[in-house]
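This report refers to the structure that appears directly beneath it.
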Amino acid sequence: MEQRVRVHKVRLGGEEIRVVQPWPASASAPARLALRDDHHWLSMYVDRPGAQQLVALWSLAARSARSLIHLPIRTNRPPDGITGDGEPVALDLVLAHHSLRFPTASWKEVRARLGRGRPHTTATPDDDFPDESAIDHRRRTWPTYRDHLAFDVAAHTLFVIGSPTAFREHGTALRDLVTRGPSHSHHHPPPSHYCVELSSGPWPGTRARRGVPGQLHIQYAGEWRV
């Protein structure tokens with residue numbers, strides 16, 4: 001999976017923070033992604049180019065222990081017709097390796113210091129994620145298992161934090177947004193939809209730290225109208 005990105009380097013407290021963002025999509029072939037906190041859960045919407053971009057950046061996050069992978073999407077509107085309870089809060093997305101131990105409270109300051117960045121091309125293997133049959137999901141309930149995803153929210157940004165194993169194993173489900181999402185509507189007419197759900201920690205439905213919803217629902221939206 002090859003993609004163009006922008007690489008930023010920010011000095012903070014004597015340390016250098018490396019932030020990687022996708023290169024802005026062209027107007028003729030935009031990648032559409034939107035993310036928001038619906039209070040009970042986190043909701044994300046992607047079209048096919050958006051799903052491809054998310055999968056590529058997810059793979060990059062599994063291999064980039066010293067970088068924050070930032071998708072600046074909080075100004076993006078979700079597809080028309082999406083409803084929710086109360087007033088949802090639009091969010092950016094950051095993918096971070098757990099060993100980086102980035103203090104999410106510092107994110108607002110880091111983001112404010114991002115400049116134009118420098119162009120770069122990244123490449124990760126197309127087969128970076130394991131086959132579903134190779135994943136033992138039962139391990140996630142073991143007390144000794146440590147390869148869970150963790151969620152946090154700071155400065156209108158959802159942080160998804162995990163180990164390389166966590167990103168790769170959950171990346172298998174994300175890959176299905178690209179391979180299965182586009183054909184789903186042909187076999188299952190509306191109102192059904194194709195989606196992937198990711199959880200923070202071992203138990204679906206429980207809240208993450210500081211009251212952040214512990215469920216991320218990612219819905220494929222082939223027809224994107226705003």
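Order determines the names: the first chain of the structure tokens is A, the second B, and so forth; residues in each chain are numbered 1 upward, and ligands are numbered 1 upward as they are shown.
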Kindly assemble as JSON lines a list of the region 142-197 of chain A residues that lie within 12 Å of region 207-215 of chain A, each paired with its nearest atom pair and their distance in Å to one decimal, using only C-alpha atoms, sorted first by chain and then by ascending residue number.
{"residue": "A:His148", "atom": "CA", "partner": "A:Ala208", "partner_atom": "CA", "distance": 11.6}
{"residue": "A:Leu149", "atom": "CA", "partner": "A:Gly214", "partner_atom": "CA", "distance": 9.8}
{"residue": "A:Ala150", "atom": "CA", "partner": "A:Ala208", "partner_atom": "CA", "distance": 7.1}
{"residue": "A:Phe151", "atom": "CA", "partner": "A:Ala208", "partner_atom": "CA", "distance": 6.1}
{"residue": "A:Asp152", "atom": "CA", "partner": "A:Val212", "partner_atom": "CA", "distance": 6.2}
{"residue": "A:Val153", "atom": "CA", "partner": "A:Val212", "partner_atom": "CA", "distance": 6.7}
{"residue": "A:Ala154", "atom": "CA", "partner": "A:Val212", "partner_atom": "CA", "distance": 10.0}
{"residue": "A:His156", "atom": "CA", "partner": "A:Val212", "partner_atom": "CA", "distance": 11.9}
{"residue": "A:Thr157", "atom": "CA", "partner": "A:Val212", "partner_atom": "CA", "distance": 11.4}
{"residue": "A:Leu158", "atom": "CA", "partner": "A:Val212", "partner_atom": "CA", "distance": 9.2}
{"residue": "A:Phe159", "atom": "CA", "partner": "A:Val212", "partner_atom": "CA", "distance": 10.4}
{"residue": "A:Val160", "atom": "CA", "partner": "A:Gly214", "partner_atom": "CA", "distance": 10.7}
{"residue": "A:Ile161", "atom": "CA", "partner": "A:Ala208", "partner_atom": "CA", "distance": 11.6}
{"residue": "A:Val196", "atom": "CA", "partner": "A:Gln215", "partner_atom": "CA", "distance": 10.3}
{"residue": "A:Glu197", "atom": "CA", "partner": "A:Gln215", "partner_atom": "CA", "distance": 6.8}
Given only C-alpha atoms, how would the per-residue table for region 90-157 of chain A near region 10-25 of chain A read, listing every residue at most 9 Å away with its closest atom pair and distance in Å to one decimal, sorted by chain and number, as CSV?
residue,atom,partner,partner_atom,distance
A:Phe102,CA,A:Ile17,CA,9.0
A:Ser106,CA,A:Leu12,CA,8.7
A:Glu109,CA,A:Leu12,CA,8.5
A:Val110,CA,A:Val10,CA,6.6
A:Arg111,CA,A:Val10,CA,8.8
A:Arg113,CA,A:Val10,CA,6.6
A:Leu114,CA,A:Val10,CA,6.9
A:Gly115,CA,A:Val10,CA,8.9
A:Gly117,CA,A:Val20,CA,8.7
A:Pro119,CA,A:Trp23,CA,7.9
A:His120,CA,A:Trp23,CA,8.9
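Minimum distance to Leu54 (chain A) across A:Tyr194, A:Asp80, A:Ser133, A:Leu93 (counting only C-alpha atoms) occurs at A:Leu93.
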**Q.** Minimum-distance residue to Cys195 (chain A), chosen among A:Arg168, A:Arg146, A:His217, A:Arg175 (using only C-alpha atoms)
**A.** A:His217
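Between Gly222 (chain A) and the candidates A:Gly50, A:Pro164, A:Pro202, A:Pro125, the tightest atom-to-atom separation, counting only C-alpha atoms, involves A:Gly50.
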Q: Would you kindly return, as an NGL selection string, each protein, DNA or RNA residue with an atom no farther than 10 Å from any atom of Pro79 (chain A), considering only C-alpha atoms and excluding same-chain residues fewer than 3 positions away?
A: :A and (32-34 or 45-47 or 76 or 82-83 or 221-226)
Those residues you just picked out, can you put them in a file as an mmCIF file, in the first residue's frame with N, CA, C and O atoms?
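To be explicit, this is the file written out as out26.cif:
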data_model
loop_
_atom_site.group_PDB
_atom_site.id
_atom_site.type_symbol
_atom_site.label_atom_id
_atom_site.label_comp_id
_atom_site.auth_asym_id
_atom_site.auth_seq_id
_atom_site.Cartn_x
_atom_site.Cartn_y
_atom_site.Cartn_z
ATOM 1 N N ARG A 32 -13.338 10.413 1.327
ATOM 2 C CA ARG A 32 -14.300 10.966 2.274
ATOM 3 C C ARG A 32 -14.301 10.145 3.555
ATOM 4 O O ARG A 32 -14.547 8.940 3.541
ATOM 5 N N LEU A 33 -14.031 10.829 4.655
ATOM 6 C CA LEU A 33 -14.088 10.234 5.979
ATOM 7 C C LEU A 33 -14.675 11.267 6.935
ATOM 8 O O LEU A 33 -14.391 12.461 6.804
ATOM 9 N N ALA A 34 -15.472 10.832 7.869
ATOM 10 C CA ALA A 34 -16.008 11.709 8.908
ATOM 11 C C ALA A 34 -16.085 10.916 10.201
ATOM 12 O O ALA A 34 -16.350 9.709 10.191
ATOM 13 N N TYR A 45 -17.554 7.309 9.255
ATOM 14 C CA TYR A 45 -18.140 7.005 7.948
ATOM 15 C C TYR A 45 -17.046 7.140 6.894
ATOM 16 O O TYR A 45 -16.250 8.089 6.932
ATOM 17 N N VAL A 46 -16.999 6.184 5.975
ATOM 18 C CA VAL A 46 -15.970 6.195 4.930
ATOM 19 C C VAL A 46 -16.585 5.766 3.605
ATOM 20 O O VAL A 46 -17.461 4.903 3.566
ATOM 21 N N ASP A 47 -16.149 6.417 2.511
ATOM 22 C CA ASP A 47 -16.471 5.878 1.194
ATOM 23 C C ASP A 47 -15.297 4.977 0.775
ATOM 24 O O ASP A 47 -14.386 4.716 1.577
ATOM 25 N N ASN A 76 -15.068 17.630 8.281
ATOM 26 C CA ASN A 76 -15.819 16.887 7.271
ATOM 27 C C ASN A 76 -17.227 16.573 7.780
ATOM 28 O O ASN A 76 -17.402 16.145 8.928
ATOM 29 N N ILE A 82 -27.695 10.995 8.147
ATOM 30 C CA ILE A 82 -27.200 10.429 9.397
ATOM 31 C C ILE A 82 -27.777 11.219 10.564
ATOM 32 O O ILE A 82 -27.713 12.448 10.601
ATOM 33 N N THR A 83 -28.366 10.522 11.517
ATOM 34 C CA THR A 83 -28.940 11.170 12.683
ATOM 35 C C THR A 83 -28.317 10.586 13.949
ATOM 36 O O THR A 83 -27.716 9.518 13.928
ATOM 37 N N ALA A 221 -20.003 4.004 3.407
ATOM 38 C CA ALA A 221 -20.997 4.863 2.786
ATOM 39 C C ALA A 221 -20.613 5.088 1.327
ATOM 40 O O ALA A 221 -19.878 6.023 1.006
ATOM 41 N N GLY A 222 -21.097 4.221 0.467
ATOM 42 C CA GLY A 222 -20.746 4.322 -0.949
ATOM 43 C C GLY A 222 -21.363 5.532 -1.617
ATOM 44 O O GLY A 222 -20.739 6.187 -2.453
ATOM 45 N N GLU A 223 -22.598 5.844 -1.260
ATOM 46 C CA GLU A 223 -23.287 7.023 -1.796
ATOM 47 C C GLU A 223 -23.167 8.127 -0.769
ATOM 48 O O GLU A 223 -23.864 8.122 0.245
ATOM 49 N N TRP A 224 -22.281 9.061 -1.012
ATOM 50 C CA TRP A 224 -21.980 10.105 -0.011
ATOM 51 C C TRP A 224 -22.549 11.432 -0.475
ATOM 52 O O TRP A 224 -22.010 12.091 -1.354
ATOM 53 N N ARG A 225 -23.656 11.825 0.129
ATOM 54 C CA ARG A 225 -24.257 13.121 -0.193
ATOM 55 C C ARG A 225 -24.274 13.972 1.066
ATOM 56 O O ARG A 225 -24.554 13.496 2.154
ATOM 57 N N VAL A 226 -23.935 15.249 0.923
ATOM 58 C CA VAL A 226 -23.941 16.171 2.056
ATOM 59 C C VAL A 226 -24.826 17.374 1.750
ATOM 60 O O VAL A 226 -25.176 17.622 0.616
#
Just want the 8 Å neighbourhood of Glu2 (chain A), counted on only C-alpha atoms, with same-chain residues fewer than 5 positions away dropped. Output as an mmCIF file with N, CA and C atoms, in the first residue's frame.
data_model
loop_
_atom_site.group_PDB
_atom_site.id
_atom_site.type_symbol
_atom_site.label_atom_id
_atom_site.label_comp_id
_atom_site.auth_asym_id
_atom_site.auth_seq_id
_atom_site.Cartn_x
_atom_site.Cartn_y
_atom_site.Cartn_z
ATOM 1 N N ALA A 56 -4.601 2.014 4.692
ATOM 2 C CA ALA A 56 -3.184 2.271 4.446
ATOM 3 C C ALA A 56 -2.525 2.961 5.644
ATOM 4 N N THR A 121 6.698 9.661 0.504
ATOM 5 C CA THR A 121 5.904 8.531 0.030
ATOM 6 C C THR A 121 6.190 7.328 0.914
ATOM 7 N N THR A 122 5.142 6.728 1.457
ATOM 8 C CA THR A 122 5.296 5.549 2.291
ATOM 9 C C THR A 122 4.794 4.319 1.546
ATOM 10 N N ALA A 123 5.269 3.167 1.957
ATOM 11 C CA ALA A 123 4.831 1.909 1.355
ATOM 12 C C ALA A 123 4.812 0.832 2.425
ATOM 13 N N THR A 124 3.699 0.148 2.532
ATOM 14 C CA THR A 124 3.567 -0.992 3.431
ATOM 15 C C THR A 124 3.049 -2.175 2.614
#
Q: Run DSSP on the backbone and give me the residues of region 44-209 of chain A it puts in helix (DSSP H, G or I), as an NGL selection string.
A: :A and (48-63 or 98-100 or 104-112 or 132-134 or 137-141 or 164-179 or 181-187 or 209)
Q: Kindly indicate which residue among A:Ser99, A:Thr141, A:Gln52, A:Ser200 lies nearest to Ala65 (chain A), using only C-alpha atoms for the distances.
A: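 Nearest to Ala65 (chain A): A:Ser99.
Atom pair CA of Gly171 (chain A) / CA of Thr206 (chain A) has a distance of 21.0 Å (rounded to one decimal).
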